[in-house]
>>> print(open('my_file-v8.cif').read())   # mmCIF, C-alpha atoms
data_input
#
loop_
_atom_site.label_atom_id
_atom_site.label_comp_id
_atom_site.auth_asym_id
_atom_site.auth_seq_id
_atom_site.Cartn_x
_atom_site.Cartn_y
_atom_site.Cartn_z
CA MET C 1 -17.52 0.17 -7.80
CA ILE C 2 -19.23 1.96 -4.95
CA SER C 3 -22.08 4.34 -5.39
CA GLU C 4 -22.58 7.68 -3.70
CA ALA C 5 -26.03 6.35 -2.85
CA THR C 6 -26.98 3.61 -0.42
CA PRO C 7 -25.78 0.00 -0.72
CA SER C 8 -29.22 -0.98 -2.01
CA SER C 9 -28.34 0.93 -5.17
CA ARG C 10 -25.91 -1.86 -6.00
CA HIS C 11 -28.90 -3.88 -7.21
CA ALA C 12 -29.74 -1.02 -9.56
CA MET C 13 -26.09 -0.94 -10.54
CA ASP C 14 -26.28 -4.58 -11.62
CA ALA C 15 -29.16 -3.73 -13.94
CA VAL C 16 -27.36 -0.72 -15.36
CA MET C 17 -24.15 -2.58 -16.01
CA THR C 18 -25.97 -5.15 -18.09
CA GLU C 19 -26.16 -2.36 -20.67
CA PHE C 20 -22.39 -2.11 -20.78
CA ASP C 21 -21.36 -2.80 -24.36
CA HIS C 22 -17.93 -4.39 -24.19
CA SER C 23 -17.31 -4.24 -27.93
CA GLN C 24 -18.13 -0.54 -28.02
CA ALA C 25 -15.94 0.16 -24.98
CA LEU C 26 -13.10 -1.79 -26.56
CA ARG C 27 -13.33 0.26 -29.74
CA LEU C 28 -13.17 3.48 -27.73
CA VAL C 29 -9.91 2.60 -25.98
CA ARG C 30 -8.26 0.36 -28.54
CA ASP C 31 -5.60 2.95 -29.39
CA LEU C 32 -4.64 3.56 -25.73
CA ASN C 33 -2.81 0.32 -24.97
CA ARG C 34 0.67 1.41 -26.01
CA ALA C 35 3.07 2.50 -23.28
CA ASN C 36 4.92 5.77 -23.85
CA ARG C 37 8.49 5.10 -22.76
CA THR C 38 9.34 8.78 -22.48
CA VAL C 39 6.48 9.38 -20.06
CA TYR C 40 7.42 6.37 -17.92
CA TRP C 41 11.12 7.19 -17.71
CA THR C 42 10.64 10.92 -17.12
CA ASP C 43 8.06 10.34 -14.40
CA LEU C 44 10.10 7.72 -12.55
CA VAL C 45 13.41 9.57 -12.73
CA LEU C 46 11.89 12.91 -11.68
CA SER C 47 9.92 11.33 -8.83
CA ALA C 48 12.98 9.53 -7.49
CA THR C 49 15.35 12.49 -7.96
CA VAL C 50 13.10 15.05 -6.29
CA GLY C 51 12.17 12.54 -3.58
CA TRP C 52 15.76 11.75 -2.62
CA LEU C 53 16.84 15.40 -2.81
CA ALA C 54 13.98 16.30 -0.46
CA PHE C 55 14.99 13.40 1.79
CA GLY C 56 18.55 14.74 1.92
CA LEU C 57 17.33 18.27 2.64
CA ALA C 58 15.21 16.99 5.53
CA LEU C 59 18.36 15.45 7.01
CA ALA C 60 20.54 18.52 6.42
CA VAL C 61 18.35 21.19 8.02
CA LYS C 62 17.57 21.77 11.69
CA PRO C 63 15.62 18.88 13.23
CA PHE C 64 11.88 19.50 13.69
CA SER C 65 12.04 22.77 11.78
CA ALA C 66 9.35 23.84 9.31
CA THR C 67 11.81 23.24 6.47
CA MET C 68 12.46 19.70 7.68
CA PHE C 69 8.75 18.86 7.80
CA ALA C 70 8.13 20.40 4.38
CA ALA C 71 11.05 18.52 2.85
CA ALA C 72 9.96 15.26 4.49
CA ALA C 73 6.41 15.71 3.16
CA LEU C 74 7.74 16.31 -0.35
CA SER C 75 9.95 13.25 0.01
CA VAL C 76 6.95 11.10 1.00
CA CYS C 77 4.89 12.29 -1.98
CA CYS C 78 7.64 11.81 -4.57
CA LEU C 79 9.11 8.54 -3.31
CA TYR C 80 5.64 7.07 -2.80
CA ARG C 81 4.89 7.94 -6.42
CA GLY C 82 8.13 6.27 -7.46
CA LEU C 83 7.28 3.15 -5.47
CA CYS C 84 3.86 2.92 -7.14
CA PHE C 85 5.60 2.16 -10.44
CA ILE C 86 5.98 -1.38 -9.09
CA HIS C 87 2.32 -1.78 -10.08
CA GLU C 88 2.98 -0.70 -13.66
CA ILE C 89 6.00 -2.99 -13.92
CA SER C 90 3.73 -5.95 -13.11
CA HIS C 91 1.59 -5.08 -16.15
CA GLN C 92 4.37 -4.21 -18.59
CA THR C 93 7.17 -6.36 -20.03
CA PRO C 94 10.88 -5.92 -20.76
CA ARG C 95 9.85 -5.61 -24.40
CA THR C 96 7.54 -2.64 -23.85
CA LEU C 97 9.78 -0.97 -21.24
CA PRO C 98 13.34 -2.29 -21.60
CA GLY C 99 15.50 -1.63 -18.55
CA PHE C 100 12.69 0.04 -16.62
CA GLU C 101 12.37 -2.63 -13.93
CA THR C 102 16.11 -2.45 -13.23
CA ALA C 103 15.95 1.35 -13.03
CA TYR C 104 13.02 1.16 -10.63
CA ASN C 105 14.90 -1.24 -8.35
CA PHE C 106 18.00 0.92 -8.14
CA LEU C 107 16.19 4.25 -7.84
CA VAL C 108 13.58 3.32 -5.23
CA GLY C 109 12.95 -0.42 -4.96
CA PHE C 110 16.22 -1.54 -3.34
CA PRO C 111 16.67 1.52 -1.07
CA PHE C 112 13.09 1.17 0.17
CA LEU C 113 13.21 -2.62 0.49
CA MET C 114 10.47 -2.92 -2.11
CA PRO C 115 12.14 -4.80 -4.98
CA SER C 116 10.00 -5.51 -8.01
CA PHE C 117 9.83 -9.26 -7.31
CA LEU C 118 7.53 -8.57 -4.36
CA TYR C 119 4.79 -7.64 -6.84
CA THR C 120 5.59 -9.06 -10.27
CA GLY C 121 4.16 -12.54 -10.61
CA VAL C 122 1.89 -11.85 -7.63
CA HIS C 123 -0.31 -8.96 -8.69
CA GLN C 124 -1.35 -10.77 -11.86
CA SER C 125 -3.25 -13.27 -9.69
CA HIS C 126 -5.38 -10.42 -8.36
CA HIS C 127 -6.64 -9.79 -11.90
CA SER C 128 -7.33 -13.44 -12.70
CA ILE C 129 -11.03 -14.19 -13.19
CA SER C 130 -10.50 -17.50 -11.38
CA VAL C 131 -8.80 -15.88 -8.37
CA TYR C 132 -10.16 -12.35 -7.85
CA GLY C 133 -12.22 -12.08 -4.66
CA THR C 134 -11.46 -15.63 -3.52
CA ASP C 135 -9.34 -16.73 -0.58
CA GLN C 136 -6.48 -17.24 -3.07
CA ASP C 137 -6.45 -13.57 -4.06
CA PRO C 138 -3.27 -11.96 -2.73
CA GLU C 139 -4.84 -8.47 -2.64
CA TYR C 140 -8.34 -9.07 -1.36
CA LEU C 141 -9.89 -9.53 2.06
CA PRO C 142 -13.59 -9.40 3.14
CA PHE C 143 -13.30 -5.89 4.60
CA ALA C 144 -17.00 -5.19 3.95
CA ARG C 145 -17.84 -7.79 6.59
CA SER C 146 -15.65 -6.42 9.38
CA TRP C 147 -14.82 -2.86 10.42
CA LEU C 148 -12.20 -4.30 12.78
CA MET C 149 -10.38 -5.95 9.89
CA THR C 150 -10.46 -2.68 7.94
CA THR C 151 -9.14 -0.66 10.88
CA GLY C 152 -6.50 -3.21 11.76
CA PHE C 153 -5.25 -3.34 8.18
CA ALA C 154 -4.77 0.43 8.11
CA ILE C 155 -2.98 0.57 11.46
CA GLN C 156 -0.64 -2.35 10.83
CA SER C 157 0.72 -0.60 7.74
CA PHE C 158 2.92 1.53 10.00
CA LEU C 159 4.81 -1.66 10.93
CA ILE C 160 5.74 -2.44 7.32
CA PRO C 161 9.15 -0.65 7.45
CA LEU C 162 10.22 -2.79 10.41
CA LEU C 163 8.95 -5.97 8.77
CA LEU C 164 10.86 -5.15 5.60
CA ILE C 165 14.07 -4.57 7.55
CA PHE C 166 13.62 -7.90 9.31
CA ARG C 167 12.93 -9.69 6.00
CA PHE C 168 15.86 -8.29 4.04
CA VAL C 169 18.50 -7.60 6.70
CA VAL C 170 17.92 -10.50 9.11
CA LEU C 171 16.38 -13.31 7.06
CA THR C 172 18.21 -12.79 3.76
CA PRO C 173 21.65 -14.00 4.94
CA ILE C 174 20.04 -17.11 6.42
CA GLY C 175 18.40 -17.82 3.09
CA LEU C 176 21.69 -17.34 1.25
CA LEU C 177 23.31 -19.96 3.48
CA ILE C 178 20.43 -22.46 3.57
CA PRO C 179 18.81 -23.22 0.17
CA ARG C 180 15.77 -24.87 1.76
CA PHE C 181 15.09 -21.75 3.81
CA GLN C 182 15.55 -19.65 0.69
CA ARG C 183 12.70 -21.53 -0.95
CA TRP C 184 10.60 -20.95 2.18
CA LEU C 185 11.28 -17.23 1.88
CA VAL C 186 10.13 -17.23 -1.73
CA VAL C 187 6.88 -19.01 -0.87
CA HIS C 188 6.04 -17.25 2.40
CA ALA C 189 7.94 -13.94 2.61
CA SER C 190 8.56 -12.57 -0.87
CA SER C 191 5.17 -11.16 -1.81
CA PHE C 192 3.63 -7.77 -1.02
CA THR C 193 0.07 -8.85 -0.27
CA MET C 194 -2.94 -8.26 1.95
CA ASN C 195 -3.80 -11.93 2.28
CA VAL C 196 -1.30 -13.56 4.64
CA LYS C 197 -2.53 -16.98 3.50
CA TYR C 198 -1.27 -16.37 -0.02
CA ARG C 199 1.55 -18.67 -1.14
CA ARG C 200 3.53 -18.01 -4.28
CA GLU C 201 5.00 -20.76 -6.39
CA ALA C 202 8.75 -21.22 -5.98
CA LYS C 203 9.75 -21.58 -9.61
CA PRO C 204 13.53 -21.94 -10.17
CA GLN C 205 13.77 -18.67 -12.09
CA MET C 206 11.93 -16.78 -9.36
CA VAL C 207 14.00 -18.42 -6.61
CA ASN C 208 17.17 -17.25 -8.35
CA LYS C 209 15.81 -13.73 -8.89
CA VAL C 210 14.79 -13.40 -5.25
CA ARG C 211 18.20 -14.70 -4.13
CA VAL C 212 20.20 -12.30 -6.31
CA HIS C 213 18.10 -9.22 -5.59
CA SER C 214 17.91 -9.99 -1.87
CA ALA C 215 21.69 -10.40 -1.73
CA PHE C 216 22.19 -7.00 -3.37
CA ILE C 217 19.73 -5.38 -0.96
CA PHE C 218 21.50 -6.99 1.99
CA VAL C 219 24.89 -5.65 0.89
CA LEU C 220 23.39 -2.18 0.32
CA TRP C 221 21.70 -2.08 3.69
CA ALA C 222 24.59 -3.68 5.56
CA SER C 223 26.79 -0.90 4.19
CA PHE C 224 24.23 1.70 5.21
CA LEU C 225 23.90 0.33 8.74
CA GLY C 226 27.66 -0.08 9.01
CA SER C 227 28.12 3.57 8.06
CA MET C 228 25.79 4.58 10.86
CA LEU C 229 27.61 2.42 13.40
CA SER C 230 30.92 3.96 12.37
CA GLY C 231 29.52 7.48 12.57
CA PHE C 232 29.76 8.36 8.87
CA VAL C 233 25.98 8.55 8.57
CA THR C 234 23.66 10.00 11.20
CA TRP C 235 21.08 7.79 12.84
CA ARG C 236 18.53 10.38 11.79
CA ALA C 237 18.77 8.90 8.31
CA LEU C 238 17.33 5.58 9.48
CA ALA C 239 14.70 7.31 11.60
CA LEU C 240 13.62 9.46 8.66
CA TRP C 241 13.56 6.43 6.37
CA VAL C 242 11.25 4.60 8.79
CA VAL C 243 8.95 7.63 9.02
CA VAL C 244 8.83 8.23 5.25
CA CYS C 245 8.32 4.54 4.51
CA GLY C 246 5.70 4.18 7.24
CA ILE C 247 3.66 7.16 6.04
CA ALA C 248 3.88 5.96 2.45
CA ALA C 249 2.72 2.50 3.56
CA PHE C 250 -0.21 4.01 5.47
CA ILE C 251 -1.30 6.11 2.49
CA ASN C 252 -1.07 3.03 0.29
CA ALA C 253 -3.16 1.02 2.76
CA LEU C 254 -5.90 3.66 2.70
CA ARG C 255 -5.69 3.76 -1.11
CA ALA C 256 -6.08 -0.02 -1.24
CA LEU C 257 -9.11 0.13 1.07
CA GLY C 258 -10.67 2.66 -1.28
CA ALA C 259 -9.94 0.61 -4.41
CA HIS C 260 -12.70 -1.99 -4.05
CA ALA C 261 -16.09 -2.52 -2.47
CA TYR C 262 -14.75 -5.82 -1.01
CA GLU C 263 -18.20 -7.42 -1.24
CA SER C 264 -17.15 -10.68 -2.88
CA SER C 265 -18.90 -13.80 -1.63
CA GLY C 266 -15.67 -15.72 -2.15
CA GLU C 267 -16.58 -16.95 -5.61
CA PRO C 268 -14.49 -15.99 -8.67
CA MET C 269 -15.57 -12.89 -10.63
CA ASP C 270 -15.39 -12.19 -14.34
CA ARG C 271 -14.28 -8.82 -15.76
CA MET C 272 -17.75 -7.31 -15.28
CA GLY C 273 -17.86 -8.54 -11.69
CA GLN C 274 -14.45 -7.02 -11.02
CA LEU C 275 -15.60 -3.75 -12.57
CA GLN C 276 -18.64 -3.59 -10.29
CA ASP C 277 -16.61 -4.47 -7.20
CA SER C 278 -13.92 -1.87 -7.93
CA ILE C 279 -13.84 1.90 -7.52
CA ASP C 280 -12.78 4.83 -9.69
CA THR C 281 -11.96 8.07 -7.89
CA PRO C 282 -11.32 10.58 -10.70
CA GLY C 283 -11.04 13.47 -8.23
CA ALA C 284 -8.81 16.41 -9.10
CA PHE C 285 -5.08 16.97 -9.40
CA TRP C 286 -4.50 16.38 -5.67
CA THR C 287 -5.92 12.87 -6.01
CA GLU C 288 -2.58 12.00 -7.60
CA LEU C 289 -0.95 12.46 -4.19
CA TRP C 290 -2.64 9.40 -2.65
CA ALA C 291 -3.42 7.45 -5.83
CA PRO C 292 -0.54 8.21 -8.21
CA VAL C 293 0.41 6.48 -11.44
CA GLY C 294 -3.18 5.89 -12.55
CA LEU C 295 -4.31 4.10 -9.38
CA ARG C 296 -7.30 6.41 -8.99
CA TYR C 297 -8.90 4.70 -12.00
CA HIS C 298 -8.91 1.31 -10.34
CA ALA C 299 -12.23 0.01 -11.69
CA LEU C 300 -11.28 0.98 -15.22
CA HIS C 301 -7.90 -0.65 -14.70
CA HIS C 302 -9.54 -3.93 -13.71
CA TYR C 303 -11.69 -3.93 -16.81
CA PHE C 304 -8.84 -2.91 -19.15
CA PRO C 305 -5.65 -3.90 -17.27
CA GLY C 306 -3.51 -3.45 -20.38
CA ILE C 307 -3.97 0.33 -20.61
CA PRO C 308 -0.82 2.09 -19.29
CA TYR C 309 -1.32 4.56 -16.45
CA HIS C 310 -0.75 7.70 -18.51
CA ASN C 311 -3.68 6.80 -20.80
CA LEU C 312 -6.22 5.96 -18.09
CA PRO C 313 -7.52 9.55 -17.70
CA GLU C 314 -8.26 9.72 -21.44
CA ALA C 315 -9.84 6.25 -21.39
CA TYR C 316 -12.09 7.33 -18.52
CA ARG C 317 -13.12 10.51 -20.33
CA ARG C 318 -14.03 8.54 -23.45
CA LEU C 319 -16.05 5.94 -21.57
CA VAL C 320 -18.07 8.35 -19.44
CA GLY C 321 -18.62 10.64 -22.40
CA CYS C 322 -19.63 8.19 -25.09
CA LEU C 323 -21.28 5.10 -23.68
CA PRO C 324 -25.08 4.93 -23.23
CA ILE C 325 -24.51 4.29 -19.52
CA ALA C 326 -22.25 7.33 -19.10
CA ASP C 327 -24.42 9.15 -16.54
CA GLU C 328 -24.88 6.07 -14.35
CA TYR C 329 -21.24 5.10 -14.77
CA LYS C 330 -20.13 8.47 -13.43
CA LYS C 331 -22.48 8.21 -10.46
CA MET C 332 -20.92 4.89 -9.50
CA SER C 333 -17.49 6.49 -9.14
CA SER C 334 -16.52 7.58 -5.65
CA PRO C 335 -16.20 11.33 -4.98
CA SER C 336 -13.22 10.88 -2.66
CA LEU C 337 -11.08 8.45 -0.69
CA PRO C 338 -12.64 9.42 2.68
CA HIS C 339 -16.07 8.67 1.21
CA SER C 340 -14.98 5.20 0.05
CA VAL C 341 -13.31 4.31 3.36
CA ARG C 342 -16.30 5.56 5.37
CA GLU C 343 -18.63 3.42 3.25
CA LEU C 344 -16.42 0.40 3.79
CA LEU C 345 -16.39 0.94 7.55
CA ARG C 346 -20.14 1.51 7.56
CA LYS C 347 -20.73 -1.80 5.78
CA GLY C 348 -18.52 -3.56 8.30
CA LEU C 349 -20.43 -2.01 11.20
CA ALA C 350 -23.78 -2.89 9.60
CA VAL C 351 -22.89 -6.58 9.87
CA LEU C 352 -23.03 -6.26 13.66
CA GLN C 353 -26.58 -4.91 13.64
#
>>> encode(input="my_file-v8.cif", output="structure tokens")
Amino acid sequence: MISEATPSSRHAMDAVMTEFDHSQALRLVRDLNRANRTVYWTDLVLSATVGWLAFGLALAVKPFSATMFAAAALSVCCLYRGLCFIHEISHQTPRTLPGFETAYNFLVGFPFLMPSFLYTGVHQSHHSISVYGTDQDPEYLPFARSWLMTTGFAIQSFLIPLLLIFRFVVLTPIGLLIPRFQRWLVVHASSFTMNVKYRREAKPQMVNKVRVHSAFIFVLWASFLGSMLSGFVTWRALALWVVVCGIAAFINALRALGAHAYESSGEPMDRMGQLQDSIDTPGAFWTELWAPVGLRYHALHHYFPGIPYHNLPEAYRRLVGCLPIADEYKKMSSPSLPHSVRELLRKGLAVLQ
């Protein structure tokens, strides 16, 4: 995690965290590992429903009116929240949440070209103690060493909608016709990652899942684009989709930059190392807008990845209220996303001095 103090305080942080009593922490949160299906389903369905209704309203009203901008903003917030459930799906199973992954795909994943396979089977590597912080980590780059890398990562996020269209509308039919190319897509172009060097394993079951889901997305989007060409759907729909998706991608990029200190030397980190290199931003209710579905408790999530998102606030309250290191633990949380991103940029600039 990152401190509100200077980077030198990270040495003090190391000393403090040696007092962290894992067994005591485990006892405090032991009862918080069960996923509440009602909470998951209600949250996802409401987020998607309100998001798509707002999207439709933005299309129906006068272009560039105040109502259009308000509806588009609501659409971004709700659909972004819905998309963030892809993270929870990677930590849950069909046994704990039966049918939830399928619902996610149809409600937001397929329409937004973010099917669950882009994250499931990939994100787990980010939590591995043998992978986290190394050059094999799909969600880690040495941002603390380069402000240019940090800035470039944030800016390129606006291109994600176009890259997704190219992947699923242009490349998918080629993969369906050429099995060898399909395997290439699985390895090189079927993972939502930061690290472009990451390569996922093309297991037969995953190859089949990617093929089937990609085919469905292609049919859905071919129908959508065909409707626009024939005049049944306005081209504003595609333009609005690109804007909503691009803004959501940018917010997510900033959130990701504020999730870690990114100070790894390239060596693997254990759970304690991940905890110290990750950031909690408890914030207030508005923090849910940029870090929904529990993502504001990212350090806590790395230490206890099995706790479902709806229990993370309670887990945080118990830990900061009961452990001997509570006061120091709270100080090591970031006060805001701008603070975390500024600190990351400052560290990158300091390398040049």
>>> resolve_selection(input="my_file-v8.cif", expression="the PyMOL selection byres ((chain C and resi 113) around 9)", output="JSON, numbers by chain")
{"C": [108, 109, 110, 111, 112, 114, 115, 161, 164, 165, 167, 168, 217]}
>>> resolve_selection(input="my_file-v8.cif", expression="the PyMOL selection byres ((chain C and resi 170) around 12)", output="list in words")
Leu162, Leu163, Leu164, Ile165, Phe166, Arg167, Phe168, Val169, Leu171, Thr172, Pro173, Ile174, Gly175, Leu176, Leu185, Ser214, Ala215, Ile217, Phe218, Val219, Trp221 and Ala222 of chain C
>>> residues_near_point(input="my_file-v8.cif", point="(-14.3, -0.3, -9.5)", cutoff="6 Å", atoms="all atoms listed in the file", output="list in words")
Met1, His260, Leu275, Gln276, Asp277, Ser278, Ile279, Asp280, His298 and Ala299 of chain C
>>> closest_residue(input="my_file-v8.cif", among="C:Met206, C:Ala71, C:Ala144, C:Ala103", to="Ile89 in chain C", atoms="all atoms listed in the file")
C:Ala103
>>> residues_near_point(input="my_file-v8.cif", point="(-8.8, -6.7, -11.5)", cutoff="9 Å", atoms="all atoms listed in the file", output="list of chain:residue names")
C:Gln124, C:Ser125, C:His126, C:His127, C:Ser128, C:Ile129, C:Tyr132, C:Arg271, C:Gln274, C:Leu275, C:Ser278, C:His298, C:Ala299, C:Leu300, C:His301, C:His302, C:Tyr303, C:Phe304, C:Pro305
>>> atom_distance(input="my_file-v8.cif", atom1="CA of Ser146 in chain C", atom2="CA of Val351 in chain C")
7.3 Å
>>> residues_around(input="my_file-v8.cif", residues="Ala239 in chain C", least_positions_apart="4", cutoff="12 Å", atoms="all atoms listed in the file", output="PyMOL selection string")
chain C and resi 55+58-59+63+72+161-162+225+228+233-235+243-246
>>> closest_residue(input="my_file-v8.cif", among="C:Gln92, C:Val186, C:Ser340, C:Phe224", to="Ala237 in chain C", atoms="only C-alpha atoms")
C:Phe224
>>> closest_residue(input="my_file-v8.cif", among="C:Leu107, C:Thr96, C:Tyr198, C:Val29", to="Ser47 in chain C", atoms="only C-alpha atoms")
C:Leu107
>>> atom_distance(input="my_file-v8.cif", atom1="CA of Asn33 in chain C", atom2="CA of Ala249 in chain C")
29.1 Å
>>> residues_around(input="my_file-v8.cif", residues="Phe158 in chain C", least_positions_apart="2", cutoff="7 Å", atoms="all atoms listed in the file", output="number ranges by chain")
C: 155-156, 160, 246-247, 249-250
>>> closest_residue(input="my_file-v8.cif", among="C:Val76, C:Val131, C:Ala350, C:Val122", to="Arg199 in chain C", atoms="all atoms listed in the file")
C:Val122
>>> atom_distance(input="my_file-v8.cif", atom1="CA of Leu240 in chain C", atom2="CA of Arg81 in chain C")
17.5 Å
>>> decode(input="my_file-v8.cif", residues="range 97-121 of chain C", atoms="N, CA and C atoms", output="CSV table (one decimal), in the first residue's frame")
chain,number,residue,atom,x,y,z
C,97,LEU,N,-22.0,-19.3,-7.3
C,97,LEU,CA,-22.9,-18.4,-8.1
C,97,LEU,C,-23.4,-19.0,-9.3
C,98,PRO,N,-24.2,-20.0,-9.3
C,98,PRO,CA,-24.7,-20.7,-10.5
C,98,PRO,C,-25.4,-19.8,-11.4
C,99,GLY,N,-25.0,-19.8,-12.7
C,99,GLY,CA,-25.6,-19.0,-13.8
C,99,GLY,C,-25.2,-17.6,-13.8
C,100,PHE,N,-24.4,-17.1,-12.9
C,100,PHE,CA,-24.1,-15.7,-12.8
C,100,PHE,C,-23.2,-15.3,-13.9
C,101,GLU,N,-22.2,-16.1,-14.3
C,101,GLU,CA,-21.3,-15.8,-15.4
C,101,GLU,C,-22.1,-15.6,-16.7
C,102,THR,N,-23.0,-16.5,-16.9
C,102,THR,CA,-23.8,-16.5,-18.1
C,102,THR,C,-24.6,-15.2,-18.2
C,103,ALA,N,-25.2,-14.8,-17.0
C,103,ALA,CA,-26.0,-13.6,-16.9
C,103,ALA,C,-25.2,-12.4,-17.2
C,104,TYR,N,-24.0,-12.4,-16.6
C,104,TYR,CA,-23.1,-11.3,-16.8
C,104,TYR,C,-22.8,-11.1,-18.3
C,105,ASN,N,-22.5,-12.2,-19.0
C,105,ASN,CA,-22.1,-12.1,-20.4
C,105,ASN,C,-23.3,-11.6,-21.2
C,106,PHE,N,-24.5,-12.0,-21.0
C,106,PHE,CA,-25.6,-11.5,-21.8
C,106,PHE,C,-26.0,-10.1,-21.4
C,107,LEU,N,-25.9,-9.7,-20.2
C,107,LEU,CA,-26.3,-8.4,-19.7
C,107,LEU,C,-25.3,-7.3,-20.1
C,108,VAL,N,-24.0,-7.5,-20.0
C,108,VAL,CA,-23.0,-6.5,-20.2
C,108,VAL,C,-21.8,-7.0,-21.0
C,109,GLY,N,-21.4,-8.3,-20.7
C,109,GLY,CA,-20.2,-8.8,-21.3
C,109,GLY,C,-20.2,-8.8,-22.8
C,110,PHE,N,-21.2,-9.5,-23.4
C,110,PHE,CA,-21.2,-9.6,-24.9
C,110,PHE,C,-21.5,-8.3,-25.5
C,111,PRO,N,-22.5,-7.5,-25.1
C,111,PRO,CA,-22.7,-6.2,-25.7
C,111,PRO,C,-21.5,-5.2,-25.7
C,112,PHE,N,-20.7,-5.3,-24.6
C,112,PHE,CA,-19.6,-4.4,-24.5
C,112,PHE,C,-18.3,-5.1,-24.9
C,113,LEU,N,-18.4,-6.2,-25.5
C,113,LEU,CA,-17.2,-6.9,-26.0
C,113,LEU,C,-16.2,-7.3,-24.9
C,114,MET,N,-16.7,-7.5,-23.7
C,114,MET,CA,-15.9,-7.9,-22.6
C,114,MET,C,-16.4,-9.2,-22.0
C,115,PRO,N,-16.4,-10.3,-22.8
C,115,PRO,CA,-16.8,-11.6,-22.2
C,115,PRO,C,-16.0,-12.0,-21.1
C,116,SER,N,-16.5,-12.8,-20.2
C,116,SER,CA,-15.9,-13.3,-19.0
C,116,SER,C,-14.6,-14.0,-19.3
C,117,PHE,N,-14.4,-14.6,-20.4
C,117,PHE,CA,-13.2,-15.4,-20.7
C,117,PHE,C,-11.9,-14.5,-20.8
C,118,LEU,N,-12.1,-13.2,-21.0
C,118,LEU,CA,-11.0,-12.3,-21.1
C,118,LEU,C,-10.3,-12.1,-19.7
C,119,TYR,N,-11.0,-12.5,-18.6
C,119,TYR,CA,-10.5,-12.3,-17.3
C,119,TYR,C,-10.4,-13.6,-16.5
C,120,THR,N,-11.3,-14.5,-16.6
C,120,THR,CA,-11.3,-15.7,-15.9
C,120,THR,C,-10.1,-16.6,-16.4
C,121,GLY,N,-9.3,-17.1,-15.5
C,121,GLY,CA,-8.2,-17.9,-15.9
C,121,GLY,C,-7.0,-17.0,-16.1
